[in-house]
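Report on the following structure.
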Amino acid sequence: MEVSIDTGQVRLRCIQAGNPDHPLVVFLHGFPACAKTWKRILPEVAKAGFHCMAPDQRGYGESSTPPNVADYSVVKLAADVAAIIGDKKAHVVGHDFGGGVAWATAMMHPDRVRTVSILNAVHPVGFEQAMKRWSQLKNSWYVFFFQLPWVPEWWLARNIRRLLKEDGVADEYVDDFVHALHAKPAIDWYRASFRDGIRKRLKVSKVEHPALVVWGEAERHLERDLSIPPKEWVTNARTEYVQNAGHWVHHDSPDRVTELILTHFQRGLDELPK
């Protein structure tokens, strides 16, 4: 089932599953994916008693594609999540760049968040620190390439299908992602992040919500130590490693990921003040 949400700035197309009266879970895709990246996960989480919503985030799929780089600031991406949640609280799950948006939502809208679940993504301060190391810098070359004008869009549009397959994305998702891709907005996510600077706009603060990091051990883009959030910025976190899974851990091991996040949601409920 699909629903369209008007945030006041953009319109977000969301896939949803489950009873709207049940506790809310918001699933955030990364680059270069779309809401359908969660299609194996949403039905199972809904069956467990949750209301699931997965947007095509701004710039992707059938959601709005505003024209300016500044429109894709992580501050605005987090505000979109807060608008989806509304006056409720939600468990927020994010993969890849969506994990960064999940961290930002917990920092900027802490009253809207119950728990945070991060899939093969890095806390923004941890990534900032890692980019000072050559080993991670060379793995993240594309962040700098994406700062160029128009060339990255041309390159991405012509190579997206090959890149997804080389990255291990299963065929059942490739067509979904290709059809949802708008090259300039997708690249503008990275331009906005680079131009904002982590501490300039995000106003990094401690995340005290129960936080789970799920890490596919065959990750190719991020070094393993980045799976541990900085303790000075995340006070209540644990990391679970998934064997025989890579960057797209929720594709490679959907049953295990579902099990881990459902257990984590319950942990969040157990830790609420009595």
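Just remember, in the structure tokens the first chain shown is A, the second B, etc., residues are 1-based per chain, and ligands are 1-based in the order shown.
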**Request:** Write down as a PyMOL selection string the residues belonging to range 20-183 of chain A that are assigned strand (DSSP E) by DSSP computed on the backbone.
**Result:** chain A and resi 24-28+51-55+90-95+113-119
Once you have the residues from the selection above, write them out as a CSV table (one decimal), in the first residue's frame, restricted to C-alpha atoms.
chain,number,residue,atom,x,y,z
A,24,LEU,CA,5.5,3.1,14.0
A,25,VAL,CA,8.7,2.1,12.2
A,26,VAL,CA,10.3,4.3,9.6
A,27,PHE,CA,12.7,2.7,7.1
A,28,LEU,CA,15.2,5.0,5.3
A,51,HIS,CA,3.1,0.0,11.4
A,52,CYS,CA,5.9,0.3,8.8
A,53,MET,CA,6.5,3.3,6.5
A,54,ALA,CA,9.3,3.5,3.9
A,55,PRO,CA,9.6,6.7,1.9
A,90,ALA,CA,9.0,5.9,15.9
A,91,HIS,CA,11.7,3.3,15.6
A,92,VAL,CA,13.9,4.6,12.9
A,93,VAL,CA,15.9,2.2,10.7
A,94,GLY,CA,18.4,3.4,8.1
A,95,HIS,CA,20.8,1.8,5.6
A,113,VAL,CA,12.5,8.6,18.2
A,114,ARG,CA,12.2,5.4,20.2
A,115,THR,CA,15.2,3.5,18.9
A,116,VAL,CA,17.7,3.8,16.1
A,117,SER,CA,18.8,0.8,13.9
A,118,ILE,CA,21.7,1.4,11.5
A,119,LEU,CA,22.6,-1.0,8.7
**Item:** Contacts of range 73-83 of chain A within 8 Å, only C-alpha atoms, excl. fewer than 4 positions in-chain, as a list in words
**Value:** Thr7, Val26, Gln57, Arg58, Val69, Val101, Ala102, Ala104, Thr105, Met108, His109, Arg112, Trp189, Ala192, Ser193, Asp196, Arg201 and Leu202 of chain A
Keeping only C-alpha atoms, take the residues you just selected and write them out as a CSV table (one decimal), in the first residue's frame.
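For reference, selection_15.csv as written:
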chain,number,residue,atom,x,y,z
A,7,THR,CA,5.7,17.8,4.6
A,26,VAL,CA,10.3,4.3,9.6
A,57,GLN,CA,13.4,10.0,0.2
A,58,ARG,CA,13.4,13.4,-1.4
A,69,VAL,CA,21.9,21.4,-3.7
A,101,VAL,CA,19.7,10.5,8.1
A,102,ALA,CA,18.6,8.2,11.0
A,104,ALA,CA,20.5,13.0,12.3
A,105,THR,CA,16.9,12.5,13.1
A,108,MET,CA,17.7,16.9,15.9
A,109,HIS,CA,14.3,15.4,16.7
A,112,ARG,CA,10.2,11.7,17.9
A,189,TRP,CA,22.8,14.4,-1.4
A,192,ALA,CA,25.0,19.0,0.2
A,193,SER,CA,26.6,16.8,2.9
A,196,ASP,CA,27.4,21.6,4.9
A,201,ARG,CA,24.6,22.4,10.1
A,202,LEU,CA,24.0,19.1,11.9
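For the residues A:Val3, A:Ile85, A:Ile15, A:Val207, ranking by smallest atom-to-atom distance to Thr235 in chain A using only C-alpha atoms places A:Val207 first.
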**Message:** I need the residues in range 58-244 of chain A that are helix (DSSP H, G or I) according to DSSP; give them as a PyMOL selection string.
**Reply:** chain A and resi 69-72+74-85+97-108+110-112+124-130+134-139+141-145+151-166+171-180+183-196+198-201+224-227
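What separates CA of Ala186 in chain A from CA of Trp233 in chain A is a distance of 27.8 Å.
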**Prompt:** Within 7 Å of Tyr60 in chain A, counting only C-alpha atoms, which residues qualify if same-chain residues fewer than 6 places away don't, as a VMD selection string?
**Reply:** chain A and resid 34 180 to 182
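Near His247 in chain A, within a cut-off of 6 Å and counting only C-alpha atoms, sit the residues Asn120, Gly216, Glu219 and Val249 of chain A, with same-chain residues fewer than 2 positions away left out.
Rounded to one decimal, CA of Thr37 in chain A and CA of His251 in chain A lie 7.7 Å from each other.
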